[in-house]
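Peer 1: Here you go, one structure.
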Amino acid sequence: MGIVASVLKKFHGGVHPPGHKDLSEHCAIEPMPLPKRLVVPFHQHLGAPSEPVVKVGDTVFKGDLLGGAAGGISATVHAPTSGTIVAIEEHVVGHPSGLTMLCAIIEPDGKDQWNPQLKGVDNPLSLEPVAVRDLVKNAGVVGLGGATFPSFVKLSPPRDKVVDLLLINAVECEPYLTCDARLMEERPKDVIEGIRIMLHALQTKECVIGIEDNKPKAIAAMQNAVAAEASQSAAAIRVVVLPVMYPQGSEKQLIEVVTGRQVPSRKLPIDIGVIVHNVATAVAVRDAVCFGHPLVSRIVTVTGKGINRPANIEVLIGTQVDDIIAHCGGLKPDIHKVVMGGPMMGLALHQTNVPVVKGCSGILALTRGESSEKPEHSCIRCGSCVNACPIQLVPCSMAWFAKTEQLDQLSKADLFDCIECGSCAYVCPANVPLVHYFRYGKLALQSKDREEKKRELTIQRSKLREERLAREKEEKERKKEEMKAKMAAKKKSGKEADKQNPAAESGNEAQA
Ligand code: SF4
Ligand code: SF4
């Protein structure tokens with residue numbers, strides 16, 4: 001079968017953290033009641049922030065455009081429910097910097113009414129591929145696995161690239177999270193429908209759905225759905241069951257396991273003929289094309305021993321974490337921290353009045369027993385982090401260069417290849433907060449890069465200024481010389497005229 005390896009490969013490194021999926025894997029997806037207020041950030045995706053197209057006081061339908069995409073890599077943002085825009089202001093969001101972001105604050109009218117003009121397409125496979133991509137673009141669909149890369153870009157491969165395989169990432173390798181597993185169990189036909197639309201947009205005939213073997217119900221549901229749909233299309237879709245390994249859900253690692261091919265450093269999956277989309281993204285594409293519904297909600301796993309009622313909830317984008325916690329019965333007294341996302345790559349929240357965004361797959365309420373933070377010791381050069389790194393980096397050295405601000409050394413260490421999976425920190429016996437150092441190092445290198453570019457720009461500007469001044473001086477000199485020459489020529493021509501007309505000269509003298 002083409003590009004897919006006959007035997008599954010294993011990627012370098014990886015770890016086996018405890019799964020904790022039993023807390024929520026039995027929880028069917030439930031809708032969350034409308035909150036009193038929604039806080040919708042204009043920047044929820046990779047790329048340029050969307051630009052507001054609404055103003056305070058506007059009333060909106062569910063699905064109306066709030067922010068237009070700005071530039072090539074950007075995504076639109078839509079109203080998650082019907083209601084009134086009561087403010088457009090900076091609001092705290094779930095970001096490591098703790099910074100605020102421009103958000104539209106919506107007061108729901110309680111009707112949750114879609115814009116009646118939003119219409120789907122009856123037969124999406126009859127559309128031109130470019131029309132499918134436009135529908136996905138206009139619906140603001142982004143990668144729902146956490147990367148939030150605008151999906152239409154990954155459905156529009158460059159003309160000189162051939163896509164051999166659509167790889168659906170249904171791995172959900174982060175501990176605790178079960179939202180993708182529940183989606184596959186409960187809506188397998190929708191997943192297949194989304195995959196067929198994506199295959200059509202990519203003009204590709206082969207698709208693999210990669211699922212780890214700790215989700216037997218999801219595997220069975222998807223296998224049944226694939227078998228039921230097999231006769232309806234020439235495209236080959238199959239489920240590939242993978243052994244559990246973290247971070248197998250990382251794009252490049254999943255590609256290596258399924259195809260046996262490595263995506264070279266600084267290259268993209270498309271460079272080896274593969275496009276990867278998350279399984280929930282497939283359903284969002286289906287909803288956008290078949291119903292004309294923009295991406296305004298997502299399924300979130302709310303779990304951890306610190307929450308009273310674990311759940312999988314379909315949440316409107318912009319719902320605040322506080323409201324979700326209250327809906328799930330509140331926090332237990334021994335709560336230690338609340339994390340947005342999974343425990344390996346998620347973000348510990350400083351405050352819980354932040355909104356759910358498109359890339360948020362989980363809210364974890366962790367007790368002290370689940371997330372004890374041990375004191376950092378000095379690195380003992382044991383090499384465990386090197387063995388665990390799926391990218392074959394040297395985490396201990398990178399952390400040292402970042403900690404001691406040796407930015408020249410750090411820039412040579414391929415830090416930007418680090419996917420911040422946390423495998424190295426997970427195995428470190430000295431509890432070195434390696435990912436923390438990498439995030440700091442990346443920011444430091446980016447700011448150094450910006451400073452260098454600024455310096456280069458200043459040098460370039462001053463050089464241009466000097467050149468301009470020199471040109472102006474030259475021009476002045478030239479004009480002065482020209483003027484002199486003109487005056488000399490005038491004087492000379494005056495004298496010659498006098499010589500040719502002595503009477504005039506004598507007349508002049510007489511008059512004088
Ligand atoms: S966080 Fe970075 S350095 Fe550490 S294991 Fe993951 S990719 Fe490697
Ligand atoms: S695992 Fe920790 S202690 Fe061991 S080499 Fe890496 S950073 Fe040092």
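Chain lettering (A, B, ...) mirrors the order of the structure tokens, residue numbering begins at 1 for each chain separately, and ligand numbering begins at 1 in order of display.
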Could you please write out, as a ChimeraX atom specification, every residue of region 232-456 of chain A that DSSP assigns to strand (DSSP E or B)?
Peer 2: /A:236-242,246,274-278,297-303,307,311-316,320,331,335-340,347-348,355,362-367
Peer 1: Please tabulate, as JSON lines, the residues of chain A that come within 10 Å of ligand 2, each with its closest pair of atoms and the distance in Å to one decimal, counting only C-alpha atoms and all ligand atoms and ordering rows by chain, then residue number upward.
Peer 2:
{"residue": "A:Glu376", "atom": "CA", "partner": "ligand 2", "partner_atom_place_in_ligand_line": "2 (Fe)", "distance": 9.6}
{"residue": "A:His377", "atom": "CA", "partner": "ligand 2", "partner_atom_place_in_ligand_line": "3 (S)", "distance": 8.1}
{"residue": "A:Ser378", "atom": "CA", "partner": "ligand 2", "partner_atom_place_in_ligand_line": "3 (S)", "distance": 7.0}
{"residue": "A:Cys379", "atom": "CA", "partner": "ligand 2", "partner_atom_place_in_ligand_line": "8 (Fe)", "distance": 3.7}
{"residue": "A:Ile380", "atom": "CA", "partner": "ligand 2", "partner_atom_place_in_ligand_line": "3 (S)", "distance": 4.4}
{"residue": "A:Arg381", "atom": "CA", "partner": "ligand 2", "partner_atom_place_in_ligand_line": "5 (S)", "distance": 3.7}
{"residue": "A:Cys382", "atom": "CA", "partner": "ligand 2", "partner_atom_place_in_ligand_line": "4 (Fe)", "distance": 4.0}
{"residue": "A:Gly383", "atom": "CA", "partner": "ligand 2", "partner_atom_place_in_ligand_line": "5 (S)", "distance": 4.1}
{"residue": "A:Ser384", "atom": "CA", "partner": "ligand 2", "partner_atom_place_in_ligand_line": "1 (S)", "distance": 4.4}
{"residue": "A:Cys385", "atom": "CA", "partner": "ligand 2", "partner_atom_place_in_ligand_line": "1 (S)", "distance": 4.1}
{"residue": "A:Val386", "atom": "CA", "partner": "ligand 2", "partner_atom_place_in_ligand_line": "6 (Fe)", "distance": 6.6}
{"residue": "A:Asn387", "atom": "CA", "partner": "ligand 2", "partner_atom_place_in_ligand_line": "1 (S)", "distance": 8.8}
{"residue": "A:Ala388", "atom": "CA", "partner": "ligand 2", "partner_atom_place_in_ligand_line": "1 (S)", "distance": 8.7}
{"residue": "A:Val394", "atom": "CA", "partner": "ligand 2", "partner_atom_place_in_ligand_line": "6 (Fe)", "distance": 8.1}
{"residue": "A:Pro395", "atom": "CA", "partner": "ligand 2", "partner_atom_place_in_ligand_line": "6 (Fe)", "distance": 6.3}
{"residue": "A:Cys396", "atom": "CA", "partner": "ligand 2", "partner_atom_place_in_ligand_line": "7 (S)", "distance": 4.2}
{"residue": "A:Ser397", "atom": "CA", "partner": "ligand 2", "partner_atom_place_in_ligand_line": "7 (S)", "distance": 7.8}
{"residue": "A:Met398", "atom": "CA", "partner": "ligand 2", "partner_atom_place_in_ligand_line": "7 (S)", "distance": 9.3}
{"residue": "A:Ala399", "atom": "CA", "partner": "ligand 2", "partner_atom_place_in_ligand_line": "7 (S)", "distance": 7.5}
{"residue": "A:Trp400", "atom": "CA", "partner": "ligand 2", "partner_atom_place_in_ligand_line": "7 (S)", "distance": 8.6}
{"residue": "A:Ser423", "atom": "CA", "partner": "ligand 2", "partner_atom_place_in_ligand_line": "1 (S)", "distance": 9.8}
{"residue": "A:Cys424", "atom": "CA", "partner": "ligand 2", "partner_atom_place_in_ligand_line": "1 (S)", "distance": 6.4}
{"residue": "A:Ala425", "atom": "CA", "partner": "ligand 2", "partner_atom_place_in_ligand_line": "1 (S)", "distance": 7.0}
{"residue": "A:Tyr426", "atom": "CA", "partner": "ligand 2", "partner_atom_place_in_ligand_line": "1 (S)", "distance": 8.5}
{"residue": "A:Val427", "atom": "CA", "partner": "ligand 2", "partner_atom_place_in_ligand_line": "1 (S)", "distance": 6.1}
{"residue": "A:Cys428", "atom": "CA", "partner": "ligand 2", "partner_atom_place_in_ligand_line": "1 (S)", "distance": 3.7}
{"residue": "A:Pro429", "atom": "CA", "partner": "ligand 2", "partner_atom_place_in_ligand_line": "3 (S)", "distance": 5.6}
{"residue": "A:Ala430", "atom": "CA", "partner": "ligand 2", "partner_atom_place_in_ligand_line": "3 (S)", "distance": 4.8}
{"residue": "A:Asn431", "atom": "CA", "partner": "ligand 2", "partner_atom_place_in_ligand_line": "2 (Fe)", "distance": 6.5}
{"residue": "A:Val432", "atom": "CA", "partner": "ligand 2", "partner_atom_place_in_ligand_line": "2 (Fe)", "distance": 5.8}
{"residue": "A:Pro433", "atom": "CA", "partner": "ligand 2", "partner_atom_place_in_ligand_line": "7 (S)", "distance": 8.5}
{"residue": "A:Leu434", "atom": "CA", "partner": "ligand 2", "partner_atom_place_in_ligand_line": "7 (S)", "distance": 7.0}
Peer 1: How far is it from CA of Thr204 (chain A) to CA of Val244 (chain A), in Å with one decimal?
Peer 2: 28.1 Å
Peer 1: I'd like the contact shell of region 300-307 of chain A - 8 Å cut-off, only C-alpha atoms, skipping same-chain residues fewer than 5 positions apart - returned as an MDAnalysis selection string.
Peer 2: chainID A and resid 23:24 176:179 312:315 325 328:336 360:367 370
Peer 1: Return as a list in words every polymer residue, whether protein, DNA or RNA, with at least one atom no more than 6 Å from an atom of ligand 1; count only C-alpha atoms and all ligand atoms.
Peer 2: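 So the residues close to ligand 1 are Ala388, Cys389, Pro390, Ile391, Leu393, Pro395, Cys418, Ile419, Glu420, Cys421, Gly422, Ser423, Cys424 and Val435 of chain A.
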Peer 1: Those residues you just picked out, can you put them in a file as an mmCIF file, in the first residue's frame with C-alpha atoms?
Peer 2:
data_model
loop_
_atom_site.group_PDB
_atom_site.id
_atom_site.type_symbol
_atom_site.label_atom_id
_atom_site.label_comp_id
_atom_site.auth_asym_id
_atom_site.auth_seq_id
_atom_site.Cartn_x
_atom_site.Cartn_y
_atom_site.Cartn_z
ATOM 1 C CA ALA A 388 14.186 10.094 25.693
ATOM 2 C CA CYS A 389 14.248 12.874 23.092
ATOM 3 C CA PRO A 390 12.275 11.900 19.958
ATOM 4 C CA ILE A 391 14.114 14.532 17.914
ATOM 5 C CA LEU A 393 18.543 16.560 20.529
ATOM 6 C CA PRO A 395 18.384 18.523 26.066
ATOM 7 C CA CYS A 418 12.393 20.930 19.923
ATOM 8 C CA ILE A 419 8.636 20.235 19.998
ATOM 9 C CA GLU A 420 8.428 20.896 23.758
ATOM 10 C CA CYS A 421 6.979 17.426 24.339
ATOM 11 C CA GLY A 422 8.449 17.257 27.868
ATOM 12 C CA SER A 423 9.770 13.675 27.509
ATOM 13 C CA CYS A 424 13.241 14.816 28.611
ATOM 14 C CA VAL A 435 11.108 22.702 28.789
#
Peer 1: Which residue, A:Ala28, A:Val163, A:Ile3, A:Met487, has the smallest gap to Pro269 (chain A) when you use only C-alpha atoms?
Peer 2: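 Ranking A:Ala28, A:Val163, A:Ile3, A:Met487 by distance to Pro269 (chain A), first place goes to A:Val163.
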Peer 1: Could you build a table of the residues in region 118-166 of chain A lying no more than 9 Å from region 343-358 of chain A, giving for each the nearest pair of atoms and their separation in Å rounded to one decimal place, using only C-alpha atoms, ordered by chain and ascending residue number, as CSV?
Peer 2:
residue,atom,partner,partner_atom,distance
A:Val141,CA,A:Lys358,CA,8.7
A:Val142,CA,A:Lys358,CA,7.4
A:Gly143,CA,A:Lys358,CA,8.3
A:Leu144,CA,A:Lys358,CA,6.5
A:Gly146,CA,A:Lys358,CA,8.0
A:Thr148,CA,A:Lys358,CA,7.1
Peer 1: Keeping C-alpha atoms, export the residues of the selection given above as an mmCIF file, in the first residue's frame.
Peer 2:
data_model
loop_
_atom_site.group_PDB
_atom_site.id
_atom_site.type_symbol
_atom_site.label_atom_id
_atom_site.label_comp_id
_atom_site.auth_asym_id
_atom_site.auth_seq_id
_atom_site.Cartn_x
_atom_site.Cartn_y
_atom_site.Cartn_z
ATOM 1 C CA VAL A 141 -11.071 25.741 10.854
ATOM 2 C CA VAL A 142 -7.657 25.184 12.461
ATOM 3 C CA GLY A 143 -5.811 22.071 13.654
ATOM 4 C CA LEU A 144 -7.691 20.930 16.759
ATOM 5 C CA GLY A 146 -3.334 21.763 19.703
ATOM 6 C CA THR A 148 -3.963 25.443 15.620
#
Peer 1: Could you tell me, as a VMD selection string, which residues of region 175-274 of chain A DSSP assigns to alpha helix (DSSP H) when given the backbone?
Peer 2: chain A and resid 179 to 186 188 to 202 216 to 229 251 to 259
Peer 1: Could those residues be written to a file, using C-alpha atoms, as a short mmCIF file (atom, residue, chain, number, x, y, z; two decimals), in the first residue's frame?
Peer 2:
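Writing the result to again03.cif gives the following:
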data_model
loop_
_atom_site.label_atom_id
_atom_site.label_comp_id
_atom_site.auth_asym_id
_atom_site.auth_seq_id
_atom_site.Cartn_x
_atom_site.Cartn_y
_atom_site.Cartn_z
CA CYS A 179 -12.03 13.86 23.81
CA ASP A 180 -10.77 12.44 20.48
CA ALA A 181 -11.48 8.86 21.60
CA ARG A 182 -15.05 9.79 22.54
CA LEU A 183 -15.51 11.65 19.23
CA MET A 184 -14.50 8.50 17.30
CA GLU A 185 -16.76 6.29 19.42
CA GLU A 186 -19.78 8.57 19.08
CA PRO A 188 -17.36 7.74 13.49
CA LYS A 189 -19.44 8.41 10.34
CA ASP A 190 -18.82 12.15 10.66
CA VAL A 191 -15.08 11.48 10.89
CA ILE A 192 -15.19 9.39 7.68
CA GLU A 193 -17.26 12.06 5.92
CA GLY A 194 -14.69 14.70 6.88
CA ILE A 195 -11.86 12.46 5.68
CA ARG A 196 -13.52 11.94 2.29
CA ILE A 197 -13.89 15.72 1.89
CA MET A 198 -10.22 16.23 2.83
CA LEU A 199 -9.10 13.52 0.38
CA HIS A 200 -11.11 15.27 -2.33
CA ALA A 201 -9.57 18.67 -1.51
CA LEU A 202 -6.08 17.11 -1.63
CA PRO A 216 -10.25 -0.32 21.77
CA LYS A 217 -13.78 1.14 21.52
CA ALA A 218 -12.67 3.99 19.27
CA ILE A 219 -10.69 1.53 17.11
CA ALA A 220 -13.73 -0.74 16.73
CA ALA A 221 -16.03 2.17 15.93
CA MET A 222 -13.69 3.52 13.27
CA GLN A 223 -13.04 0.09 11.74
CA ASN A 224 -16.80 -0.50 11.44
CA ALA A 225 -17.34 2.93 9.89
CA VAL A 226 -14.51 2.38 7.40
CA ALA A 227 -15.93 -1.04 6.42
CA ALA A 228 -19.45 0.36 6.02
CA GLU A 229 -18.25 3.18 3.74
CA GLU A 251 3.35 14.99 13.51
CA LYS A 252 6.86 13.91 12.52
CA GLN A 253 6.96 10.97 14.94
CA LEU A 254 3.60 9.67 13.72
CA ILE A 255 4.76 9.91 10.10
CA GLU A 256 7.91 7.95 10.95
CA VAL A 257 5.95 5.19 12.68
CA VAL A 258 3.39 4.81 9.88
CA THR A 259 5.57 5.34 6.79
#
Peer 1: Taking only C-alpha atoms into account, name the residue in A:Val285, A:Lys337, A:Gly63, A:Ser462 that is nearest to Gln117 (chain A).
Peer 2: A:Gly63
Peer 1: Which polymer residues have any atom within 10 Å of an atom of Val162 (chain A), counting only C-alpha atoms, with same-chain residues fewer than 6 positions away left out, as a compact mmCIF listing (two decimals) with C-alpha atoms, in the first residue's frame?
Peer 2:
# COMPACT_ATOMS: atom_id res chain seq x y z
CA LEU A 202 -6.08 17.11 -1.63
CA GLN A 203 -6.89 14.95 -4.67
CA THR A 204 -5.41 11.99 -2.81
CA ILE A 270 4.48 17.63 2.49
CA ASP A 271 8.14 17.42 1.43
CA ILE A 272 7.85 13.63 1.76
CA GLY A 273 4.30 13.48 0.38
CA VAL A 274 2.30 13.38 3.63
Peer 1: Which one is closest to Lys55 (chain A): A:Glu89, A:Asp322, A:Glu25, A:Glu30? Count only C-alpha atoms.
Peer 2: A:Glu89
Peer 1: Find the residues around Thr59 (chain A) up to 9 Å (only C-alpha atoms counted), leave out those fewer than 3 positions away in its own chain, and share them as a list in words.
Peer 2: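 Selected residues are Val56, Ser82, Gly83, Thr84 and Ile85 of chain A.
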Peer 1: Restricted to C-alpha atoms, what would the selected residues look like written as a short mmCIF file (atom, residue, chain, number, x, y, z; two decimals), in the first residue's frame?
Peer 2:
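Saved to selection_13.cif:
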data_model
loop_
_atom_site.label_atom_id
_atom_site.label_comp_id
_atom_site.auth_asym_id
_atom_site.auth_seq_id
_atom_site.Cartn_x
_atom_site.Cartn_y
_atom_site.Cartn_z
CA VAL A 56 -19.62 47.25 20.51
CA SER A 82 -26.27 34.68 19.08
CA GLY A 83 -26.26 37.78 21.25
CA THR A 84 -24.76 41.26 21.65
CA ILE A 85 -21.15 42.41 21.52
#
Peer 1: Have a look at CA of Val239 (chain A) and CA of Ile211 (chain A) and let me know their distance in Å, one decimal.
Peer 2: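 Distance reported for this atom pair: 7.3 Å.
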